[in-house]
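What follows is the content of protein_13.cif (mmCIF, C-alpha atoms, pLDDT in the B column; chains and numbers go by the auth columns).
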data_protein
#
loop_
_atom_site.group_PDB
_atom_site.id
_atom_site.type_symbol
_atom_site.label_atom_id
_atom_site.label_comp_id
_atom_site.label_asym_id
_atom_site.label_seq_id
_atom_site.Cartn_x
_atom_site.Cartn_y
_atom_site.Cartn_z
_atom_site.B_iso_or_equiv
_atom_site.auth_seq_id
_atom_site.auth_asym_id
ATOM 1 C CA MET A 1 -165.056 42.469 -13.636 37.00 138 A
ATOM 2 C CA PRO A 2 -165.831 42.924 -17.333 33.00 139 A
ATOM 3 C CA LEU A 3 -166.984 46.401 -18.161 35.00 140 A
ATOM 4 C CA ILE A 4 -168.465 45.762 -21.584 35.00 141 A
ATOM 5 C CA ASP A 5 -168.194 42.151 -22.654 39.00 142 A
ATOM 6 C CA GLY A 6 -166.736 39.496 -20.437 36.00 143 A
ATOM 7 C CA ASN A 7 -165.984 37.222 -23.405 39.00 144 A
ATOM 8 C CA PHE A 8 -163.996 39.792 -25.287 41.00 145 A
ATOM 9 C CA ARG A 9 -160.326 38.992 -25.704 47.00 146 A
ATOM 10 C CA LEU A 10 -157.662 40.226 -28.054 52.00 147 A
ATOM 11 C CA GLU A 11 -154.731 37.909 -28.296 50.00 148 A
ATOM 12 C CA ARG A 12 -151.800 38.026 -30.671 49.00 149 A
ATOM 13 C CA PRO A 13 -149.536 35.044 -30.275 45.00 150 A
ATOM 14 C CA ALA A 14 -147.054 36.143 -32.942 53.00 151 A
ATOM 15 C CA ILE A 15 -143.936 35.429 -30.920 59.00 152 A
ATOM 16 C CA GLU A 16 -141.393 37.873 -32.299 65.00 153 A
ATOM 17 C CA GLU A 17 -143.846 40.545 -33.294 68.00 154 A
ATOM 18 C CA LEU A 18 -145.098 41.217 -29.823 70.00 155 A
ATOM 19 C CA HIS A 19 -141.590 41.635 -28.476 73.00 156 A
ATOM 20 C CA ARG A 20 -140.497 43.819 -31.394 73.00 157 A
ATOM 21 C CA ILE A 21 -143.528 46.039 -31.849 77.00 158 A
ATOM 22 C CA GLY A 22 -145.593 45.712 -28.716 81.00 159 A
ATOM 23 C CA PRO A 23 -149.271 45.009 -28.352 85.00 160 A
ATOM 24 C CA ILE A 24 -151.133 46.096 -31.484 86.00 161 A
ATOM 25 C CA VAL A 25 -154.781 45.907 -32.467 87.00 162 A
ATOM 26 C CA GLU A 26 -156.723 46.653 -35.604 89.00 163 A
ATOM 27 C CA VAL A 27 -158.763 49.817 -35.271 92.00 164 A
ATOM 28 C CA GLU A 28 -161.209 51.841 -37.255 95.00 165 A
ATOM 29 C CA ILE A 29 -161.612 55.570 -36.684 96.00 166 A
ATOM 30 C CA ARG A 30 -165.032 57.086 -37.372 96.00 167 A
ATOM 31 C CA ILE A 31 -166.638 60.431 -36.837 96.00 168 A
ATOM 32 C CA PRO A 32 -168.430 60.516 -33.455 95.00 169 A
ATOM 33 C CA GLN A 33 -171.955 59.154 -33.291 93.00 170 A
ATOM 34 C CA PRO A 34 -173.712 62.460 -32.538 94.00 171 A
ATOM 35 C CA LEU A 35 -172.139 63.919 -35.670 96.00 172 A
ATOM 36 C CA GLN A 36 -173.052 60.828 -37.706 95.00 173 A
ATOM 37 C CA ARG A 37 -176.669 61.282 -36.661 95.00 174 A
ATOM 38 C CA ARG A 38 -176.615 64.995 -37.453 95.00 175 A
ATOM 39 C CA LEU A 39 -175.135 64.491 -40.908 95.00 176 A
ATOM 40 C CA ALA A 40 -177.620 61.702 -41.635 95.00 177 A
ATOM 41 C CA GLU A 41 -180.534 63.934 -40.597 94.00 178 A
ATOM 42 C CA GLU A 42 -179.285 66.619 -42.943 93.00 179 A
ATOM 43 C CA GLY A 43 -178.888 64.136 -45.770 94.00 180 A
ATOM 44 C CA GLN A 44 -175.156 64.748 -45.922 93.00 181 A
ATOM 45 C CA SER A 45 -172.686 62.019 -46.694 94.00 182 A
ATOM 46 C CA ILE A 46 -170.899 60.472 -43.744 95.00 183 A
ATOM 47 C CA PRO A 47 -167.126 60.172 -44.174 96.00 184 A
ATOM 48 C CA HIS A 48 -165.908 56.620 -44.582 96.00 185 A
ATOM 49 C CA PRO A 49 -164.185 55.130 -41.519 96.00 186 A
ATOM 50 C CA ILE A 50 -160.421 54.844 -41.707 96.00 187 A
ATOM 51 C CA SER A 51 -158.808 51.559 -40.746 94.00 188 A
ATOM 52 C CA GLY A 52 -155.312 50.865 -39.503 93.00 189 A
ATOM 53 C CA ILE A 53 -153.262 49.640 -36.603 90.00 190 A
ATOM 54 C CA ALA A 54 -153.062 50.983 -33.065 91.00 191 A
ATOM 55 C CA VAL A 55 -150.274 50.347 -30.576 89.00 192 A
ATOM 56 C CA ILE A 56 -151.275 50.063 -26.940 90.00 193 A
ATOM 57 C CA ASP A 57 -148.907 52.606 -25.411 90.00 194 A
ATOM 58 C CA THR A 58 -148.801 52.527 -21.626 90.00 195 A
ATOM 59 C CA GLY A 59 -146.461 55.526 -21.711 88.00 196 A
ATOM 60 C CA ALA A 60 -149.014 57.767 -23.385 89.00 197 A
ATOM 61 C CA SER A 61 -151.291 59.596 -20.988 89.00 198 A
ATOM 62 C CA ILE A 62 -154.022 60.037 -23.598 91.00 199 A
ATOM 63 C CA THR A 63 -154.920 58.424 -26.898 93.00 200 A
ATOM 64 C CA GLY A 64 -153.455 59.956 -30.030 93.00 201 A
ATOM 65 C CA VAL A 65 -154.656 59.601 -33.610 95.00 202 A
ATOM 66 C CA GLU A 66 -152.690 60.417 -36.727 93.00 203 A
ATOM 67 C CA MET A 67 -153.504 63.980 -37.765 93.00 204 A
ATOM 68 C CA ASN A 68 -154.036 63.063 -41.422 94.00 205 A
ATOM 69 C CA VAL A 69 -156.743 60.616 -40.384 96.00 206 A
ATOM 70 C CA LEU A 70 -158.552 63.292 -38.407 96.00 207 A
ATOM 71 C CA GLN A 71 -158.273 65.730 -41.302 95.00 208 A
ATOM 72 C CA SER A 72 -159.588 63.139 -43.742 96.00 209 A
ATOM 73 C CA LEU A 73 -162.650 62.610 -41.567 97.00 210 A
ATOM 74 C CA GLY A 74 -163.300 66.345 -41.543 95.00 211 A
ATOM 75 C CA ILE A 75 -163.866 66.533 -37.794 94.00 212 A
ATOM 76 C CA GLN A 76 -163.556 69.858 -35.993 95.00 213 A
ATOM 77 C CA PRO A 77 -161.428 70.053 -32.824 96.00 214 A
ATOM 78 C CA VAL A 78 -163.268 70.655 -29.554 96.00 215 A
ATOM 79 C CA SER A 79 -160.359 71.736 -27.370 95.00 216 A
ATOM 80 C CA ARG A 80 -156.597 71.634 -27.097 93.00 217 A
ATOM 81 C CA VAL A 81 -154.037 70.215 -24.734 91.00 218 A
ATOM 82 C CA ILE A 82 -150.492 70.979 -23.684 87.00 219 A
ATOM 83 C CA LEU A 83 -147.925 68.391 -24.725 83.00 220 A
ATOM 84 C CA HIS A 84 -144.675 67.859 -22.871 77.00 221 A
ATOM 85 C CA THR A 85 -141.951 67.427 -25.448 71.00 222 A
ATOM 86 C CA PRO A 86 -138.144 67.313 -25.183 67.00 223 A
ATOM 87 C CA SER A 87 -138.000 70.798 -26.671 69.00 224 A
ATOM 88 C CA GLY A 88 -140.544 72.218 -24.251 75.00 225 A
ATOM 89 C CA PRO A 89 -144.303 72.520 -24.028 81.00 226 A
ATOM 90 C CA ALA A 90 -146.326 72.437 -27.229 83.00 227 A
ATOM 91 C CA THR A 91 -150.013 72.500 -28.005 88.00 228 A
ATOM 92 C CA THR A 92 -152.115 70.081 -29.997 91.00 229 A
ATOM 93 C CA TYR A 93 -155.825 69.883 -30.637 94.00 230 A
ATOM 94 C CA LEU A 94 -158.260 67.331 -29.290 95.00 231 A
ATOM 95 C CA TYR A 95 -160.878 65.752 -31.534 96.00 232 A
ATOM 96 C CA PRO A 96 -163.936 63.676 -30.734 95.00 233 A
ATOM 97 C CA VAL A 97 -163.967 60.299 -32.503 96.00 234 A
ATOM 98 C CA SER A 98 -165.526 56.872 -32.421 94.00 235 A
ATOM 99 C CA LEU A 99 -162.931 54.154 -32.250 93.00 236 A
ATOM 100 C CA ILE A 100 -163.729 50.554 -33.198 92.00 237 A
ATOM 101 C CA LEU A 101 -161.455 47.740 -32.037 89.00 238 A
ATOM 102 C CA ASN A 102 -161.183 44.594 -34.146 85.00 239 A
ATOM 103 C CA PRO A 103 -163.558 46.007 -36.778 87.00 240 A
ATOM 104 C CA ARG A 104 -163.419 42.888 -38.935 85.00 241 A
ATOM 105 C CA SER A 105 -164.238 40.473 -36.122 82.00 242 A
ATOM 106 C CA PRO A 106 -167.776 39.188 -35.484 81.00 243 A
ATOM 107 C CA ASN A 107 -167.841 41.255 -32.292 79.00 244 A
ATOM 108 C CA PRO A 108 -166.183 44.607 -32.918 82.00 245 A
ATOM 109 C CA LEU A 109 -166.059 46.926 -29.948 80.00 246 A
ATOM 110 C CA GLY A 110 -166.837 50.593 -30.205 82.00 247 A
ATOM 111 C CA PHE A 111 -165.780 53.448 -27.978 80.00 248 A
ATOM 112 C CA ASP A 112 -166.825 57.036 -28.190 79.00 249 A
ATOM 113 C CA PHE A 113 -163.803 59.070 -27.241 71.00 250 A
ATOM 114 C CA GLY A 114 -164.532 62.519 -25.950 73.00 251 A
ATOM 115 C CA ALA A 115 -161.193 63.667 -27.233 88.00 252 A
ATOM 116 C CA VAL A 116 -158.111 62.179 -28.837 94.00 253 A
ATOM 117 C CA ALA A 117 -154.962 64.143 -29.463 93.00 254 A
ATOM 118 C CA SER A 118 -153.898 64.918 -32.986 93.00 255 A
ATOM 119 C CA VAL A 119 -150.392 63.489 -33.400 90.00 256 A
ATOM 120 C CA SER A 120 -148.014 62.879 -36.262 87.00 257 A
ATOM 121 C CA LEU A 121 -147.112 59.219 -36.530 85.00 258 A
ATOM 122 C CA GLY A 122 -145.410 59.474 -39.896 77.00 259 A
ATOM 123 C CA GLN A 123 -145.438 56.552 -42.283 71.00 260 A
ATOM 124 C CA LEU A 124 -144.428 53.883 -39.841 69.00 261 A
ATOM 125 C CA PRO A 125 -144.707 50.414 -41.406 67.00 262 A
ATOM 126 C CA ILE A 126 -146.473 48.186 -38.916 74.00 263 A
ATOM 127 C CA PRO A 127 -147.189 44.574 -39.931 71.00 264 A
ATOM 128 C CA GLY A 128 -150.819 44.335 -40.977 75.00 265 A
ATOM 129 C CA GLY A 129 -151.328 47.953 -41.899 84.00 266 A
ATOM 130 C CA GLN A 130 -150.517 51.569 -41.222 88.00 267 A
ATOM 131 C CA LEU A 131 -150.041 52.854 -37.709 90.00 268 A
ATOM 132 C CA ILE A 132 -152.829 55.368 -37.099 93.00 269 A
ATOM 133 C CA ALA A 133 -153.280 55.475 -33.334 93.00 270 A
ATOM 134 C CA LEU A 134 -151.598 55.159 -29.963 92.00 271 A
ATOM 135 C CA LEU A 135 -154.015 53.846 -27.352 93.00 272 A
ATOM 136 C CA GLY A 136 -153.085 55.626 -24.151 92.00 273 A
ATOM 137 C CA ARG A 137 -153.950 55.328 -20.518 92.00 274 A
ATOM 138 C CA ASP A 138 -157.311 57.056 -20.980 91.00 275 A
ATOM 139 C CA PHE A 139 -158.243 53.964 -22.988 91.00 276 A
ATOM 140 C CA LEU A 140 -156.556 51.544 -20.587 92.00 277 A
ATOM 141 C CA ARG A 141 -158.479 52.896 -17.630 89.00 278 A
ATOM 142 C CA ARG A 142 -161.443 50.962 -19.060 85.00 279 A
ATOM 143 C CA CYS A 143 -159.510 47.717 -19.486 87.00 280 A
ATOM 144 C CA VAL A 144 -157.327 45.060 -17.968 89.00 281 A
ATOM 145 C CA LEU A 145 -154.139 44.594 -19.975 89.00 282 A
ATOM 146 C CA ILE A 146 -152.048 41.504 -19.304 88.00 283 A
ATOM 147 C CA TYR A 147 -148.633 41.528 -20.955 85.00 284 A
ATOM 148 C CA HIS A 148 -147.129 38.059 -20.742 81.00 285 A
ATOM 149 C CA GLY A 149 -143.533 38.474 -21.858 78.00 286 A
ATOM 150 C CA PRO A 150 -142.306 34.875 -21.526 78.00 287 A
ATOM 151 C CA GLN A 151 -145.198 33.622 -23.627 76.00 288 A
ATOM 152 C CA ALA A 152 -144.988 36.611 -25.964 76.00 289 A
ATOM 153 C CA ARG A 153 -148.683 37.349 -25.775 79.00 290 A
ATOM 154 C CA PHE A 154 -150.992 39.921 -24.396 84.00 291 A
ATOM 155 C CA THR A 155 -154.606 39.876 -23.385 86.00 292 A
ATOM 156 C CA LEU A 156 -156.923 42.818 -23.257 86.00 293 A
ATOM 157 C CA CYS A 157 -160.085 42.404 -21.228 83.00 294 A
ATOM 158 C CA LEU A 158 -162.932 44.849 -21.138 77.00 295 A
ATOM 159 C CA MET B 1 -160.539 87.222 -37.316 48.00 19 B
ATOM 160 C CA ALA B 2 -159.173 84.199 -35.515 49.00 20 B
ATOM 161 C CA ASN B 3 -156.478 82.302 -37.361 74.00 21 B
ATOM 162 C CA GLU B 4 -156.168 79.160 -35.297 88.00 22 B
ATOM 163 C CA PRO B 5 -159.084 76.850 -34.557 92.00 23 B
ATOM 164 C CA LEU B 6 -160.926 77.859 -31.383 96.00 24 B
ATOM 165 C CA GLU B 7 -158.674 80.898 -30.859 96.00 25 B
ATOM 166 C CA LEU B 8 -161.631 83.207 -30.283 97.00 26 B
ATOM 167 C CA GLU B 9 -163.276 80.749 -27.913 97.00 27 B
ATOM 168 C CA TYR B 10 -160.094 80.319 -25.876 96.00 28 B
ATOM 169 C CA LYS B 11 -159.583 84.083 -25.615 97.00 29 B
ATOM 170 C CA PHE B 12 -163.130 84.438 -24.354 97.00 30 B
ATOM 171 C CA TYR B 13 -162.663 81.573 -21.886 97.00 31 B
ATOM 172 C CA GLU B 14 -159.394 82.971 -20.552 95.00 32 B
ATOM 173 C CA SER B 15 -160.911 86.406 -20.119 96.00 33 B
ATOM 174 C CA LYS B 16 -163.709 84.894 -18.038 96.00 34 B
ATOM 175 C CA ARG B 17 -161.825 82.099 -16.319 95.00 35 B
ATOM 176 C CA ALA B 18 -161.975 83.619 -12.839 95.00 36 B
ATOM 177 C CA GLU B 19 -165.702 84.206 -13.140 96.00 37 B
ATOM 178 C CA PHE B 20 -166.295 80.726 -14.567 97.00 38 B
ATOM 179 C CA LEU B 21 -164.276 79.155 -11.749 96.00 39 B
ATOM 180 C CA LYS B 22 -166.483 80.839 -9.182 97.00 40 B
ATOM 181 C CA LYS B 23 -169.718 79.832 -10.888 97.00 41 B
ATOM 182 C CA TYR B 24 -169.005 76.555 -12.657 97.00 42 B
ATOM 183 C CA SER B 25 -165.943 74.907 -11.130 95.00 43 B
ATOM 184 C CA GLY B 26 -165.744 71.269 -12.257 95.00 44 B
ATOM 185 C CA LYS B 27 -168.477 71.674 -14.852 97.00 45 B
ATOM 186 C CA VAL B 28 -168.091 71.541 -18.620 97.00 46 B
ATOM 187 C CA LEU B 29 -168.773 74.600 -20.732 98.00 47 B
ATOM 188 C CA LEU B 30 -169.873 74.760 -24.339 98.00 48 B
ATOM 189 C CA ILE B 31 -168.543 77.970 -25.896 98.00 49 B
ATOM 190 C CA ARG B 32 -169.058 79.261 -29.412 98.00 50 B
ATOM 191 C CA GLY B 33 -167.342 82.480 -30.406 96.00 51 B
ATOM 192 C CA GLU B 34 -167.631 84.832 -27.455 97.00 52 B
ATOM 193 C CA GLU B 35 -170.720 83.232 -26.007 97.00 53 B
ATOM 194 C CA ARG B 36 -171.194 80.644 -23.298 97.00 54 B
ATOM 195 C CA ILE B 37 -173.822 78.381 -24.778 98.00 55 B
ATOM 196 C CA GLY B 38 -174.347 75.980 -21.889 97.00 56 B
ATOM 197 C CA VAL B 39 -173.076 74.300 -18.749 98.00 57 B
ATOM 198 C CA PHE B 40 -172.936 70.496 -18.522 97.00 58 B
ATOM 199 C CA ASP B 41 -171.784 67.689 -16.264 96.00 59 B
ATOM 200 C CA SER B 42 -169.789 65.873 -18.949 94.00 60 B
ATOM 201 C CA GLU B 43 -167.869 66.556 -22.144 93.00 61 B
ATOM 202 C CA GLN B 44 -170.126 64.110 -23.988 93.00 62 B
ATOM 203 C CA GLN B 45 -173.252 66.091 -23.068 95.00 63 B
ATOM 204 C CA ALA B 46 -171.629 69.333 -24.101 96.00 64 B
ATOM 205 C CA TYR B 47 -170.445 67.875 -27.400 96.00 65 B
ATOM 206 C CA GLU B 48 -173.894 66.493 -28.234 95.00 66 B
ATOM 207 C CA GLU B 49 -175.475 69.869 -27.575 97.00 67 B
ATOM 208 C CA GLY B 50 -172.803 71.534 -29.689 97.00 68 B
ATOM 209 C CA VAL B 51 -173.476 69.196 -32.594 96.00 69 B
ATOM 210 C CA ASN B 52 -177.229 69.689 -32.245 96.00 70 B
ATOM 211 C CA ARG B 53 -176.801 73.450 -32.435 96.00 71 B
ATOM 212 C CA PHE B 54 -173.855 73.915 -34.772 96.00 72 B
ATOM 213 C CA GLY B 55 -173.381 70.659 -36.659 94.00 73 B
ATOM 214 C CA ASN B 56 -169.808 70.096 -37.781 93.00 74 B
ATOM 215 C CA GLU B 57 -168.636 73.629 -37.023 94.00 75 B
ATOM 216 C CA ALA B 58 -166.032 74.581 -34.458 94.00 76 B
ATOM 217 C CA PHE B 59 -167.037 75.046 -30.828 97.00 77 B
ATOM 218 C CA LEU B 60 -165.139 74.696 -27.585 97.00 78 B
ATOM 219 C CA VAL B 61 -165.866 72.037 -24.987 97.00 79 B
ATOM 220 C CA ILE B 62 -163.880 72.731 -21.840 96.00 80 B
ATOM 221 C CA ARG B 63 -163.965 71.641 -18.209 95.00 81 B
ATOM 222 C CA VAL B 64 -163.628 74.532 -15.802 96.00 82 B
ATOM 223 C CA VAL B 65 -160.538 73.933 -13.681 92.00 83 B
ATOM 224 C CA PRO B 66 -157.738 76.122 -12.358 90.00 84 B
ATOM 225 C CA GLN B 67 -154.909 76.547 -14.845 82.00 85 B
ATOM 226 C CA GLU B 68 -152.545 74.395 -12.796 79.00 86 B
ATOM 227 C CA LYS B 69 -154.954 71.478 -13.066 78.00 87 B
ATOM 228 C CA GLU B 70 -155.316 71.539 -16.830 79.00 88 B
ATOM 229 C CA VAL B 71 -154.582 68.277 -18.583 75.00 89 B
ATOM 230 C CA ILE B 72 -151.036 67.831 -19.811 77.00 90 B
ATOM 231 C CA ALA B 73 -150.477 65.038 -22.309 82.00 91 B
ATOM 232 C CA THR B 74 -147.355 62.908 -22.530 80.00 92 B
ATOM 233 C CA PHE B 75 -146.292 60.613 -25.374 78.00 93 B
ATOM 234 C CA PRO B 76 -142.773 59.487 -24.444 78.00 94 B
ATOM 235 C CA ALA B 77 -142.341 57.094 -27.372 71.00 95 B
ATOM 236 C CA LEU B 78 -143.559 59.682 -29.831 68.00 96 B
ATOM 237 C CA TYR B 79 -141.276 62.404 -28.511 62.00 97 B
ATOM 238 C CA THR B 80 -138.211 60.266 -28.810 58.00 98 B
ATOM 239 C CA GLY B 81 -139.255 59.121 -32.272 59.00 99 B
ATOM 240 C CA VAL B 82 -139.158 55.508 -31.222 53.00 100 B
ATOM 241 C CA ILE B 83 -142.425 53.686 -31.619 55.00 101 B
ATOM 242 C CA TYR B 84 -140.377 50.559 -32.120 52.00 102 B
ATOM 243 C CA ALA B 85 -136.796 49.801 -32.979 49.00 103 B
ATOM 244 C CA THR B 86 -135.502 47.155 -35.347 49.00 104 B
ATOM 245 C CA ASN B 87 -132.049 45.817 -36.070 48.00 105 B
#
For the file at hand, write its structure as C-alpha cells.
Amino acid sequence: MPLIDGNFRLERPAIEELHRIGPIVEVEIRIPQPLQRRLAEEGQSIPHPISGIAVIDTGASITGVEMNVLQSLGIQPVSRVILHTPSGPATTYLYPVSLILNPRSPNPLGFDFGAVASVSLGQLPIPGGQLIALLGRDFLRRCVLIYHGPQARFTLCL
Amino acid sequence: MANEPLELEYKFYESKRAEFLKKYSGKVLLIRGEERIGVFDSEQQAYEEGVNRFGNEAFLVIRVVPQEKEVIATFPALYTGVIYATN
C-alpha cells in the first residue's frame, strides 16, 4: 500500500553501476521546516539546500548525513546517539533535517527527519555527484525496496 | 560552561532520569539548560516547540526510556570504510 504517492518510483537501470555502488538516489538536504518558518518570520536568510547523492544502506540502522553538510546548514543538534564501531562505542550527534528525494524531478518527495546522525563520509566519488547521505532503515521503514539483482535494477515505492 | 553541544542538558537529564522515568516514561522531553521546558508525545512536537521558543539555538529533545533501551546506531559499511569497492 503506498504511503505517500502510489505512482512514485525510483529506478536506475544502469547495469554495472547498481552492482558496483548499490542503489543511489539524488537528495537535497535542507534545514527542517519549523526552522525555515522561524527564520522567515524573523526575516533571516534561509541556508541554501545542499544537493548530492545518497546510498540506500540496508545495513545502517539510522540515516546518516555528512557532517560538513550539517555544519554548512548551521543546524543545531537535538540529541546524540551511541555508535557501535570496531574500536568500541562512540557518540555522534543527531540533527533534524528535511530530506528531498529526486529534487530535480517533477515530483520531488520530501521527508522531515526527526534526527539524522552526523557521519563522516569523506570525499567519496559517486557517479553523478558527491556522497552526502546514507539512507538507513529508519528511512526504509516507510518504503518498499525491491532489489532485482539479475536485472540490475531497484525500485523504491512509497 | 559546557564545552560540548548539549552537555549541560544531558547532565541535567541524567541527574533526573529516575524521576523522569517515573513521571514521563515513553514521552519526549524538551530540555534547555537545566530546565525541563515541556513534555510531548513525539520528537516532532518537541522540536517545533523548541524552535518556537529558542529559534536555532541548542536544546535537547529526548525520549524518556531506561538506559538499556536507548537507541544504538550501526553503520557497518561506514565502520569498515567500505561504501563500495572497485577493482
- Task: Apply the PyMOL selection byres ((chain B) within 12 of (chain A)) to the displayed file and report the matching residues as an NGL selection string.
- Result: :B and (22-28 or 31 or 46-50 or 60-81 or 85-105)
Next, write the just-selected residues to a file, as a PDB file, in the coordinates of the input, keeping C-alpha atoms as the atom set.
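Saved the output as result29.pdb:
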ATOM      1  CA  GLU B  22    -156.168  79.160 -35.297  1.00 88.00           C
ATOM      2  CA  PRO B  23    -159.084  76.850 -34.557  1.00 92.00           C
ATOM      3  CA  LEU B  24    -160.926  77.859 -31.383  1.00 96.00           C
ATOM      4  CA  GLU B  25    -158.674  80.898 -30.859  1.00 96.00           C
ATOM      5  CA  LEU B  26    -161.631  83.207 -30.283  1.00 97.00           C
ATOM      6  CA  GLU B  27    -163.276  80.749 -27.913  1.00 97.00           C
ATOM      7  CA  TYR B  28    -160.094  80.319 -25.876  1.00 96.00           C
ATOM      8  CA  TYR B  31    -162.663  81.573 -21.886  1.00 97.00           C
ATOM      9  CA  VAL B  46    -168.091  71.541 -18.620  1.00 97.00           C
ATOM     10  CA  LEU B  47    -168.773  74.600 -20.732  1.00 98.00           C
ATOM     11  CA  LEU B  48    -169.873  74.760 -24.339  1.00 98.00           C
ATOM     12  CA  ILE B  49    -168.543  77.970 -25.896  1.00 98.00           C
ATOM     13  CA  ARG B  50    -169.058  79.261 -29.412  1.00 98.00           C
ATOM     14  CA  SER B  60    -169.789  65.873 -18.949  1.00 94.00           C
ATOM     15  CA  GLU B  61    -167.869  66.556 -22.144  1.00 93.00           C
ATOM     16  CA  GLN B  62    -170.126  64.110 -23.988  1.00 93.00           C
ATOM     17  CA  GLN B  63    -173.252  66.091 -23.068  1.00 95.00           C
ATOM     18  CA  ALA B  64    -171.629  69.333 -24.101  1.00 96.00           C
ATOM     19  CA  TYR B  65    -170.445  67.875 -27.400  1.00 96.00           C
ATOM     20  CA  GLU B  66    -173.894  66.493 -28.234  1.00 95.00           C
ATOM     21  CA  GLU B  67    -175.475  69.869 -27.575  1.00 97.00           C
ATOM     22  CA  GLY B  68    -172.803  71.534 -29.689  1.00 97.00           C
ATOM     23  CA  VAL B  69    -173.476  69.196 -32.594  1.00 96.00           C
ATOM     24  CA  ASN B  70    -177.229  69.689 -32.245  1.00 96.00           C
ATOM     25  CA  ARG B  71    -176.801  73.450 -32.435  1.00 96.00           C
ATOM     26  CA  PHE B  72    -173.855  73.915 -34.772  1.00 96.00           C
ATOM     27  CA  GLY B  73    -173.381  70.659 -36.659  1.00 94.00           C
ATOM     28  CA  ASN B  74    -169.808  70.096 -37.781  1.00 93.00           C
ATOM     29  CA  GLU B  75    -168.636  73.629 -37.023  1.00 94.00           C
ATOM     30  CA  ALA B  76    -166.032  74.581 -34.458  1.00 94.00           C
ATOM     31  CA  PHE B  77    -167.037  75.046 -30.828  1.00 97.00           C
ATOM     32  CA  LEU B  78    -165.139  74.696 -27.585  1.00 97.00           C
ATOM     33  CA  VAL B  79    -165.866  72.037 -24.987  1.00 97.00           C
ATOM     34  CA  ILE B  80    -163.880  72.731 -21.840  1.00 96.00           C
ATOM     35  CA  ARG B  81    -163.965  71.641 -18.209  1.00 95.00           C
ATOM     36  CA  GLN B  85    -154.909  76.547 -14.845  1.00 82.00           C
ATOM     37  CA  GLU B  86    -152.545  74.395 -12.796  1.00 79.00           C
ATOM     38  CA  LYS B  87    -154.954  71.478 -13.066  1.00 78.00           C
ATOM     39  CA  GLU B  88    -155.316  71.539 -16.830  1.00 79.00           C
ATOM     40  CA  VAL B  89    -154.582  68.277 -18.583  1.00 75.00           C
ATOM     41  CA  ILE B  90    -151.036  67.831 -19.811  1.00 77.00           C
ATOM     42  CA  ALA B  91    -150.477  65.038 -22.309  1.00 82.00           C
ATOM     43  CA  THR B  92    -147.355  62.908 -22.530  1.00 80.00           C
ATOM     44  CA  PHE B  93    -146.292  60.613 -25.374  1.00 78.00           C
ATOM     45  CA  PRO B  94    -142.773  59.487 -24.444  1.00 78.00           C
ATOM     46  CA  ALA B  95    -142.341  57.094 -27.372  1.00 71.00           C
ATOM     47  CA  LEU B  96    -143.559  59.682 -29.831  1.00 68.00           C
ATOM     48  CA  TYR B  97    -141.276  62.404 -28.511  1.00 62.00           C
ATOM     49  CA  THR B  98    -138.211  60.266 -28.810  1.00 58.00           C
ATOM     50  CA  GLY B  99    -139.255  59.121 -32.272  1.00 59.00           C
ATOM     51  CA  VAL B 100    -139.158  55.508 -31.222  1.00 53.00           C
ATOM     52  CA  ILE B 101    -142.425  53.686 -31.619  1.00 55.00           C
ATOM     53  CA  TYR B 102    -140.377  50.559 -32.120  1.00 52.00           C
ATOM     54  CA  ALA B 103    -136.796  49.801 -32.979  1.00 49.00           C
ATOM     55  CA  THR B 104    -135.502  47.155 -35.347  1.00 49.00           C
ATOM     56  CA  ASN B 105    -132.049  45.817 -36.070  1.00 48.00           C
TER      57      ASN B 105
END
- Message: Please compute the CA of Ile269 (chain A)-CA of Thr292 (chain A) distance, one decimal, in Å.
- Response: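 These atoms are spaced 20.8 Å apart.
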- What do you get, as a list in words, if you spell out every residue that the PyMOL selection byres ((chain A and resi 293) around 7) selects here?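 Selection result, ordered by chain and number: Arg146, Leu147, Cys280, Val281, Leu282, Ile283, Phe291, Thr292, Cys294 and Leu295 of chain A.
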